[in-house]
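The structure file input.pdb is reproduced below (PDB, N, CA and C atoms, pLDDT in the B column).
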```pdb
ATOM      1  N   MET A  17      10.831  -5.825   2.943  1.00 96.00           N
ATOM      2  CA  MET A  17       9.413  -5.766   3.245  1.00 96.00           C
ATOM      3  C   MET A  17       8.643  -5.748   1.936  1.00 96.00           C
ATOM      4  N   LYS A  18       7.648  -6.615   1.838  1.00 97.00           N
ATOM      5  CA  LYS A  18       6.860  -6.686   0.610  1.00 97.00           C
ATOM      6  C   LYS A  18       5.473  -6.083   0.821  1.00 97.00           C
ATOM      7  N   ILE A  19       5.120  -5.136  -0.042  1.00 98.00           N
ATOM      8  CA  ILE A  19       3.797  -4.511  -0.035  1.00 98.00           C
ATOM      9  C   ILE A  19       3.118  -4.903  -1.339  1.00 98.00           C
ATOM     10  N   THR A  20       1.904  -5.434  -1.231  1.00 98.00           N
ATOM     11  CA  THR A  20       1.150  -5.823  -2.419  1.00 98.00           C
ATOM     12  C   THR A  20      -0.179  -5.069  -2.414  1.00 98.00           C
ATOM     13  N   VAL A  21      -0.496  -4.447  -3.535  1.00 98.00           N
ATOM     14  CA  VAL A  21      -1.728  -3.677  -3.687  1.00 98.00           C
ATOM     15  C   VAL A  21      -2.608  -4.373  -4.715  1.00 98.00           C
ATOM     16  N   CYS A  22      -3.874  -4.567  -4.379  1.00 97.00           N
ATOM     17  CA  CYS A  22      -4.817  -5.143  -5.328  1.00 97.00           C
ATOM     18  C   CYS A  22      -5.120  -4.116  -6.419  1.00 97.00           C
ATOM     19  N   ILE A  23      -5.038  -4.574  -7.663  1.00 96.00           N
ATOM     20  CA  ILE A  23      -5.367  -3.700  -8.787  1.00 96.00           C
ATOM     21  C   ILE A  23      -6.526  -4.287  -9.589  1.00 96.00           C
ATOM     22  N   GLY A  24      -7.294  -5.163  -8.942  1.00 96.00           N
ATOM     23  CA  GLY A  24      -8.482  -5.725  -9.572  1.00 96.00           C
ATOM     24  C   GLY A  24      -9.546  -4.652  -9.767  1.00 96.00           C
ATOM     25  N   SER A  25     -10.605  -4.970 -10.473  1.00 94.00           N
ATOM     26  CA  SER A  25     -11.588  -3.952 -10.873  1.00 94.00           C
ATOM     27  C   SER A  25     -12.249  -3.247  -9.694  1.00 94.00           C
ATOM     28  N   SER A  26     -12.626  -3.957  -8.660  1.00 95.00           N
ATOM     29  CA  SER A  26     -13.289  -3.316  -7.516  1.00 95.00           C
ATOM     30  C   SER A  26     -12.341  -2.343  -6.811  1.00 95.00           C
ATOM     31  N   CYS A  27     -11.109  -2.778  -6.563  1.00 96.00           N
ATOM     32  CA  CYS A  27     -10.137  -1.896  -5.910  1.00 96.00           C
ATOM     33  C   CYS A  27      -9.719  -0.753  -6.833  1.00 96.00           C
ATOM     34  N   HIS A  28      -9.661  -1.019  -8.142  1.00 96.00           N
ATOM     35  CA  HIS A  28      -9.330   0.038  -9.092  1.00 96.00           C
ATOM     36  C   HIS A  28     -10.356   1.169  -8.994  1.00 96.00           C
ATOM     37  N   ILE A  29     -11.621   0.799  -8.937  1.00 96.00           N
ATOM     38  CA  ILE A  29     -12.693   1.794  -8.827  1.00 96.00           C
ATOM     39  C   ILE A  29     -12.567   2.583  -7.520  1.00 96.00           C
ATOM     40  N   LYS A  30     -12.062   1.942  -6.478  1.00 97.00           N
ATOM     41  CA  LYS A  30     -11.932   2.595  -5.164  1.00 97.00           C
ATOM     42  C   LYS A  30     -10.624   3.365  -5.012  1.00 97.00           C
ATOM     43  N   GLY A  31      -9.773   3.357  -6.057  1.00 97.00           N
ATOM     44  CA  GLY A  31      -8.584   4.208  -6.030  1.00 97.00           C
ATOM     45  C   GLY A  31      -7.250   3.499  -5.911  1.00 97.00           C
ATOM     46  N   SER A  32      -7.172   2.240  -6.322  1.00 97.00           N
ATOM     47  CA  SER A  32      -5.895   1.528  -6.175  1.00 97.00           C
ATOM     48  C   SER A  32      -4.764   2.202  -6.950  1.00 97.00           C
ATOM     49  N   ARG A  33      -5.066   2.787  -8.079  1.00 97.00           N
ATOM     50  CA  ARG A  33      -4.013   3.461  -8.849  1.00 97.00           C
ATOM     51  C   ARG A  33      -3.403   4.615  -8.049  1.00 97.00           C
ATOM     52  N   GLN A  34      -4.257   5.405  -7.404  1.00 98.00           N
ATOM     53  CA  GLN A  34      -3.768   6.513  -6.579  1.00 98.00           C
ATOM     54  C   GLN A  34      -2.976   5.996  -5.376  1.00 98.00           C
ATOM     55  N   VAL A  35      -3.422   4.870  -4.809  1.00 98.00           N
ATOM     56  CA  VAL A  35      -2.707   4.273  -3.679  1.00 98.00           C
ATOM     57  C   VAL A  35      -1.311   3.845  -4.119  1.00 98.00           C
ATOM     58  N   VAL A  36      -1.214   3.174  -5.269  1.00 98.00           N
ATOM     59  CA  VAL A  36       0.085   2.730  -5.780  1.00 98.00           C
ATOM     60  C   VAL A  36       0.991   3.932  -6.049  1.00 98.00           C
ATOM     61  N   GLU A  37       0.464   4.946  -6.707  1.00 98.00           N
ATOM     62  CA  GLU A  37       1.271   6.123  -7.029  1.00 98.00           C
ATOM     63  C   GLU A  37       1.776   6.817  -5.769  1.00 98.00           C
ATOM     64  N   GLU A  38       0.927   6.921  -4.761  1.00 98.00           N
ATOM     65  CA  GLU A  38       1.328   7.572  -3.512  1.00 98.00           C
ATOM     66  C   GLU A  38       2.355   6.720  -2.764  1.00 98.00           C
ATOM     67  N   LEU A  39       2.183   5.407  -2.768  1.00 98.00           N
ATOM     68  CA  LEU A  39       3.185   4.533  -2.134  1.00 98.00           C
ATOM     69  C   LEU A  39       4.529   4.654  -2.850  1.00 98.00           C
ATOM     70  N   GLN A  40       4.512   4.700  -4.181  1.00 98.00           N
ATOM     71  CA  GLN A  40       5.760   4.881  -4.935  1.00 98.00           C
ATOM     72  C   GLN A  40       6.439   6.184  -4.532  1.00 98.00           C
ATOM     73  N   ARG A  41       5.653   7.245  -4.406  1.00 98.00           N
ATOM     74  CA  ARG A  41       6.200   8.549  -4.032  1.00 98.00           C
ATOM     75  C   ARG A  41       6.792   8.508  -2.626  1.00 98.00           C
ATOM     76  N   LEU A  42       6.061   7.897  -1.685  1.00 98.00           N
ATOM     77  CA  LEU A  42       6.526   7.829  -0.297  1.00 98.00           C
ATOM     78  C   LEU A  42       7.771   6.955  -0.155  1.00 98.00           C
ATOM     79  N   ILE A  43       7.823   5.859  -0.888  1.00 97.00           N
ATOM     80  CA  ILE A  43       9.007   4.990  -0.866  1.00 97.00           C
ATOM     81  C   ILE A  43      10.222   5.768  -1.360  1.00 97.00           C
ATOM     82  N   SER A  44      10.052   6.503  -2.451  1.00 97.00           N
ATOM     83  CA  SER A  44      11.141   7.303  -3.004  1.00 97.00           C
ATOM     84  C   SER A  44      11.528   8.437  -2.059  1.00 97.00           C
ATOM     85  N   GLU A  45      10.536   9.155  -1.567  1.00 97.00           N
ATOM     86  CA  GLU A  45      10.760  10.305  -0.691  1.00 97.00           C
ATOM     87  C   GLU A  45      11.499   9.913   0.583  1.00 97.00           C
ATOM     88  N   ASN A  46      11.226   8.713   1.074  1.00 96.00           N
ATOM     89  CA  ASN A  46      11.836   8.246   2.322  1.00 96.00           C
ATOM     90  C   ASN A  46      13.094   7.396   2.078  1.00 96.00           C
ATOM     91  N   ASN A  47      13.506   7.303   0.815  1.00 96.00           N
ATOM     92  CA  ASN A  47      14.714   6.562   0.443  1.00 96.00           C
ATOM     93  C   ASN A  47      14.738   5.136   0.992  1.00 96.00           C
ATOM     94  N   VAL A  48      13.610   4.425   0.835  1.00 96.00           N
ATOM     95  CA  VAL A  48      13.535   3.049   1.331  1.00 96.00           C
ATOM     96  C   VAL A  48      13.298   2.054   0.194  1.00 96.00           C
ATOM     97  N   GLY A  49      13.606   2.465  -1.024  1.00 95.00           N
ATOM     98  CA  GLY A  49      13.418   1.596  -2.180  1.00 95.00           C
ATOM     99  C   GLY A  49      14.222   0.313  -2.114  1.00 95.00           C
ATOM    100  N   ASP A  50      15.331   0.342  -1.384  1.00 96.00           N
ATOM    101  CA  ASP A  50      16.151  -0.862  -1.239  1.00 96.00           C
ATOM    102  C   ASP A  50      15.605  -1.808  -0.170  1.00 96.00           C
ATOM    103  N   LYS A  51      14.637  -1.327   0.620  1.00 96.00           N
ATOM    104  CA  LYS A  51      14.082  -2.133   1.706  1.00 96.00           C
ATOM    105  C   LYS A  51      12.632  -2.539   1.481  1.00 96.00           C
ATOM    106  N   VAL A  52      11.989  -1.918   0.491  1.00 97.00           N
ATOM    107  CA  VAL A  52      10.569  -2.146   0.248  1.00 97.00           C
ATOM    108  C   VAL A  52      10.355  -2.609  -1.183  1.00 97.00           C
ATOM    109  N   GLU A  53       9.616  -3.702  -1.333  1.00 97.00           N
ATOM    110  CA  GLU A  53       9.237  -4.201  -2.653  1.00 97.00           C
ATOM    111  C   GLU A  53       7.742  -3.944  -2.817  1.00 97.00           C
ATOM    112  N   LEU A  54       7.373  -3.147  -3.804  1.00 98.00           N
ATOM    113  CA  LEU A  54       5.976  -2.814  -4.074  1.00 98.00           C
ATOM    114  C   LEU A  54       5.519  -3.584  -5.297  1.00 98.00           C
ATOM    115  N   SER A  55       4.418  -4.307  -5.160  1.00 97.00           N
ATOM    116  CA  SER A  55       3.897  -5.060  -6.300  1.00 97.00           C
ATOM    117  C   SER A  55       2.382  -4.977  -6.330  1.00 97.00           C
ATOM    118  N   GLY A  56       1.823  -5.380  -7.452  1.00 97.00           N
ATOM    119  CA  GLY A  56       0.381  -5.405  -7.618  1.00 97.00           C
ATOM    120  C   GLY A  56      -0.094  -6.826  -7.826  1.00 97.00           C
ATOM    121  N   THR A  57      -1.365  -7.054  -7.550  1.00 96.00           N
ATOM    122  CA  THR A  57      -1.971  -8.360  -7.770  1.00 96.00           C
ATOM    123  C   THR A  57      -3.434  -8.145  -8.118  1.00 96.00           C
ATOM    124  N   PHE A  58      -4.011  -9.136  -8.748  1.00 94.00           N
ATOM    125  CA  PHE A  58      -5.444  -9.071  -8.996  1.00 94.00           C
ATOM    126  C   PHE A  58      -6.169  -9.696  -7.825  1.00 94.00           C
ATOM    127  N   CYS A  59      -7.407  -9.461  -7.726  1.00 93.00           N
ATOM    128  CA  CYS A  59      -8.331  -9.782  -6.632  1.00 93.00           C
ATOM    129  C   CYS A  59      -7.760 -10.590  -5.461  1.00 93.00           C
ATOM    130  N   MET A  60      -7.897 -10.002  -4.279  1.00 94.00           N
ATOM    131  CA  MET A  60      -7.500 -10.661  -3.038  1.00 94.00           C
ATOM    132  C   MET A  60      -8.708 -11.314  -2.366  1.00 94.00           C
ATOM    133  N   GLY A  61      -9.886 -11.195  -3.001  1.00 93.00           N
ATOM    134  CA  GLY A  61     -11.083 -11.840  -2.478  1.00 93.00           C
ATOM    135  C   GLY A  61     -11.791 -11.086  -1.371  1.00 93.00           C
ATOM    136  N   ARG A  62     -11.397  -9.844  -1.140  1.00 94.00           N
ATOM    137  CA  ARG A  62     -12.022  -9.042  -0.091  1.00 94.00           C
ATOM    138  C   ARG A  62     -12.497  -7.718  -0.686  1.00 94.00           C
ATOM    139  N   CYS A  63     -13.212  -7.826  -1.795  1.00 92.00           N
ATOM    140  CA  CYS A  63     -13.572  -6.664  -2.610  1.00 92.00           C
ATOM    141  C   CYS A  63     -14.342  -5.590  -1.838  1.00 92.00           C
ATOM    142  N   GLN A  64     -15.151  -5.981  -0.882  1.00 93.00           N
ATOM    143  CA  GLN A  64     -15.930  -5.005  -0.124  1.00 93.00           C
ATOM    144  C   GLN A  64     -15.043  -4.135   0.770  1.00 93.00           C
ATOM    145  N   GLU A  65     -13.827  -4.602   1.034  1.00 93.00           N
ATOM    146  CA  GLU A  65     -12.932  -3.902   1.958  1.00 93.00           C
ATOM    147  C   GLU A  65     -11.882  -3.052   1.260  1.00 93.00           C
ATOM    148  N   GLY A  66     -11.851  -3.053  -0.077  1.00 87.00           N
ATOM    149  CA  GLY A  66     -10.800  -2.386  -0.848  1.00 87.00           C
ATOM    150  C   GLY A  66     -10.615  -0.929  -0.534  1.00 87.00           C
ATOM    151  N   VAL A  67      -9.506  -0.374  -0.892  1.00 97.00           N
ATOM    152  CA  VAL A  67      -8.383  -0.913  -1.648  1.00 97.00           C
ATOM    153  C   VAL A  67      -7.612  -1.885  -0.732  1.00 97.00           C
ATOM    154  N   CYS A  68      -7.463  -3.111  -1.204  1.00 97.00           N
ATOM    155  CA  CYS A  68      -6.819  -4.151  -0.415  1.00 97.00           C
ATOM    156  C   CYS A  68      -5.305  -4.062  -0.566  1.00 97.00           C
ATOM    157  N   VAL A  69      -4.625  -4.041   0.584  1.00 98.00           N
ATOM    158  CA  VAL A  69      -3.165  -3.958   0.603  1.00 98.00           C
ATOM    159  C   VAL A  69      -2.659  -4.953   1.635  1.00 98.00           C
ATOM    160  N   THR A  70      -1.584  -5.667   1.301  1.00 97.00           N
ATOM    161  CA  THR A  70      -0.939  -6.499   2.303  1.00 97.00           C
ATOM    162  C   THR A  70       0.496  -6.016   2.499  1.00 97.00           C
ATOM    163  N   VAL A  71       0.942  -6.104   3.750  1.00 97.00           N
ATOM    164  CA  VAL A  71       2.330  -5.843   4.102  1.00 97.00           C
ATOM    165  C   VAL A  71       2.813  -7.114   4.780  1.00 97.00           C
ATOM    166  N   GLU A  72       3.737  -7.805   4.126  1.00 94.00           N
ATOM    167  CA  GLU A  72       4.220  -9.085   4.654  1.00 94.00           C
ATOM    168  C   GLU A  72       3.045 -10.007   4.991  1.00 94.00           C
ATOM    169  N   ASP A  73       2.074 -10.085   4.102  1.00 90.00           N
ATOM    170  CA  ASP A  73       0.893 -10.953   4.210  1.00 90.00           C
ATOM    171  C   ASP A  73      -0.117 -10.537   5.283  1.00 90.00           C
ATOM    172  N   LYS A  74       0.057  -9.374   5.902  1.00 96.00           N
ATOM    173  CA  LYS A  74      -0.953  -8.853   6.834  1.00 96.00           C
ATOM    174  C   LYS A  74      -1.860  -7.905   6.046  1.00 96.00           C
ATOM    175  N   PHE A  75      -3.173  -8.100   6.161  1.00 97.00           N
ATOM    176  CA  PHE A  75      -4.152  -7.367   5.350  1.00 97.00           C
ATOM    177  C   PHE A  75      -4.486  -5.994   5.926  1.00 97.00           C
ATOM    178  N   TYR A  76      -4.639  -5.015   5.014  1.00 97.00           N
ATOM    179  CA  TYR A  76      -5.088  -3.661   5.374  1.00 97.00           C
ATOM    180  C   TYR A  76      -6.053  -3.170   4.309  1.00 97.00           C
ATOM    181  N   SER A  77      -6.972  -2.328   4.721  1.00 97.00           N
ATOM    182  CA  SER A  77      -7.844  -1.621   3.786  1.00 97.00           C
ATOM    183  C   SER A  77      -7.372  -0.172   3.761  1.00 97.00           C
ATOM    184  N   VAL A  78      -6.978   0.301   2.587  1.00 97.00           N
ATOM    185  CA  VAL A  78      -6.381   1.634   2.462  1.00 97.00           C
ATOM    186  C   VAL A  78      -7.173   2.446   1.458  1.00 97.00           C
ATOM    187  N   LYS A  79      -7.362   3.716   1.759  1.00 97.00           N
ATOM    188  CA  LYS A  79      -8.010   4.644   0.833  1.00 97.00           C
ATOM    189  C   LYS A  79      -6.951   5.621   0.331  1.00 97.00           C
ATOM    190  N   PRO A  80      -7.159   6.196  -0.851  1.00 97.00           N
ATOM    191  CA  PRO A  80      -6.170   7.159  -1.355  1.00 97.00           C
ATOM    192  C   PRO A  80      -5.828   8.249  -0.332  1.00 97.00           C
ATOM    193  N   GLU A  81      -6.815   8.685   0.432  1.00 97.00           N
ATOM    194  CA  GLU A  81      -6.570   9.762   1.393  1.00 97.00           C
ATOM    195  C   GLU A  81      -5.916   9.285   2.693  1.00 97.00           C
ATOM    196  N   THR A  82      -5.762   7.976   2.888  1.00 97.00           N
ATOM    197  CA  THR A  82      -5.128   7.480   4.117  1.00 97.00           C
ATOM    198  C   THR A  82      -3.772   6.812   3.861  1.00 97.00           C
ATOM    199  N   VAL A  83      -3.254   6.924   2.637  1.00 98.00           N
ATOM    200  CA  VAL A  83      -2.008   6.228   2.291  1.00 98.00           C
ATOM    201  C   VAL A  83      -0.842   6.697   3.148  1.00 98.00           C
ATOM    202  N   LYS A  84      -0.695   7.997   3.338  1.00 97.00           N
ATOM    203  CA  LYS A  84       0.459   8.510   4.092  1.00 97.00           C
ATOM    204  C   LYS A  84       0.443   7.981   5.522  1.00 97.00           C
ATOM    205  N   GLU A  85      -0.698   8.049   6.166  1.00 97.00           N
ATOM    206  CA  GLU A  85      -0.826   7.538   7.533  1.00 97.00           C
ATOM    207  C   GLU A  85      -0.541   6.031   7.570  1.00 97.00           C
ATOM    208  N   PHE A  86      -1.097   5.291   6.623  1.00 97.00           N
ATOM    209  CA  PHE A  86      -0.851   3.852   6.519  1.00 97.00           C
ATOM    210  C   PHE A  86       0.640   3.576   6.365  1.00 97.00           C
ATOM    211  N   PHE A  87       1.295   4.313   5.478  1.00 97.00           N
ATOM    212  CA  PHE A  87       2.726   4.114   5.216  1.00 97.00           C
ATOM    213  C   PHE A  87       3.554   4.365   6.467  1.00 97.00           C
ATOM    214  N   GLU A  88       3.270   5.452   7.163  1.00 96.00           N
ATOM    215  CA  GLU A  88       4.034   5.782   8.371  1.00 96.00           C
ATOM    216  C   GLU A  88       3.831   4.738   9.468  1.00 96.00           C
ATOM    217  N   GLN A  89       2.582   4.294   9.665  1.00 96.00           N
ATOM    218  CA  GLN A  89       2.270   3.376  10.756  1.00 96.00           C
ATOM    219  C   GLN A  89       2.651   1.928  10.469  1.00 96.00           C
ATOM    220  N   ASN A  90       2.536   1.500   9.215  1.00 96.00           N
ATOM    221  CA  ASN A  90       2.683   0.082   8.921  1.00 96.00           C
ATOM    222  C   ASN A  90       3.899  -0.281   8.078  1.00 96.00           C
ATOM    223  N   VAL A  91       4.537   0.711   7.490  1.00 96.00           N
ATOM    224  CA  VAL A  91       5.721   0.435   6.668  1.00 96.00           C
ATOM    225  C   VAL A  91       6.963   0.996   7.353  1.00 96.00           C
ATOM    226  N   LEU A  92       7.011   2.309   7.502  1.00 94.00           N
ATOM    227  CA  LEU A  92       8.204   2.930   8.100  1.00 94.00           C
ATOM    228  C   LEU A  92       8.478   2.387   9.495  1.00 94.00           C
ATOM    229  N   SER A  93       7.441   2.195  10.274  1.00 90.00           N
ATOM    230  CA  SER A  93       7.634   1.714  11.654  1.00 90.00           C
ATOM    231  C   SER A  93       8.199   0.291  11.698  1.00 90.00           C
ATOM    232  N   GLY A  94       8.024  -0.467  10.614  1.00 89.00           N
ATOM    233  CA  GLY A  94       8.505  -1.829  10.583  1.00 89.00           C
ATOM    234  C   GLY A  94       9.888  -2.012   9.968  1.00 89.00           C
ATOM    235  N   LEU A  95      10.460  -0.913   9.485  1.00 87.00           N
ATOM    236  CA  LEU A  95      11.778  -0.975   8.863  1.00 87.00           C
ATOM    237  C   LEU A  95      12.866  -0.615   9.868  1.00 87.00           C
ATOM    238  N   ASP A  96      14.012  -1.222   9.718  1.00 75.00           N
ATOM    239  CA  ASP A  96      15.166  -0.848  10.526  1.00 75.00           C
ATOM    240  C   ASP A  96      15.886   0.289   9.808  1.00 75.00           C
ATOM    241  N   LEU A  97      15.566   1.509  10.201  1.00 65.00           N
ATOM    242  CA  LEU A  97      16.167   2.670   9.526  1.00 65.00           C
ATOM    243  C   LEU A  97      17.319   3.240  10.336  1.00 65.00           C
TER
END
```
What would the structure in this file look like if it were written as structure tokens?
Amino acid sequence: MKITVCIGSSCHIKGSRQVVEELQRLISENNVGDKVELSGTFCMGRCQEGVCVTVEDKFYSVKPETVKEFFEQNVLSGLDL
């Protein structure tokens, strides 16, 4: 499963760094590093909706305070654990 987080200036201001750090922590905590690829990209073109995140090319708007809920609903639920 590929997760891509926008690290462009608009998303950076909205907390993309915190989103990336929390996703890294959750991936490690849940021992799914072998099943999840986390990467960053510059501008996804939806700056008003940031922090922009895609999971397998499906778009999500994530805030630092909603990362855990996002991870449980859209990442863990999609993995064969």
* Asked: Taking the file as shown, what set of residues would the PyMOL selection byres (((chain A and resi 25 and name CA) around 12) and name CA) give back, as JSON, numbers by chain?
  -> {"A": [22, 23, 24, 26, 27, 28, 29, 30, 31, 32, 33, 57, 58, 59, 60, 61, 62, 63, 64, 66, 67, 68]}
* Please evaluate the PyMOL selection byres ((chain A and resi 17) around 5) against the structure above and give the resulting residues as a ChimeraX atom specification. => /A:18-19,51-53
* One-decimal distance in Å that lies between CA of Asn47 (chain A) and CA of Thr70 (chain A) -> 20.5 Å
* d(atom C of Val48 (chain A), CA of Glu65 (chain A)) in Å ->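 Between atom C of Val48 (chain A) and CA of Glu65 (chain A) the gap works out to 27.0 Å.
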* To do: To one decimal in Å, tell me the separation between CA of Lys79 (chain A) and CA of Asn46 (chain A).
  =>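 If I compute the distance from CA of Lys79 (chain A) to CA of Asn46 (chain A), I get 20.2 Å.
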* To do: Evaluate the PyMOL selection byres ((chain A and resi 80-88) around 6.5) and record the selected residues as a ChimeraX atom specification, following the chain and residue labels used in the document.
  => /A:30-31,34-35,78-79,89-93
Six-sided padding of 8 Å per side, axis-aligned box over region 72-76 of chain A, centre and edges in Å, one decimal, as JSON:
```
{"center_x": -0.9, "center_y": -7.1, "center_z": 5.5, "size_x": 26.3, "size_y": 23.8, "size_z": 18.7}
```
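DSSP, applied to the backbone of this structure, assigns strand (DSSP E) to the following residues of chain A: Lys18, Ile19, Thr20, Val21, Cys22, Glu53, Leu54, Ser55, Gly56, Thr57, Cys68, Val69, Thr70, Val71, Lys74, Phe75, Tyr76 and Ser77 of chain A.
Between Thr20 (chain A) and the residues A:Glu45, A:Asp50, A:Asp73, A:Glu38, the shortest atom-to-atom distance, using all atoms listed in the file, involves A:Asp73.
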* DSSP says helix (DSSP H, G or I) for which residues of chain A? Put them as a ChimeraX atom specification? -> /A:25-29,32-45,63-65,80-90,92-94
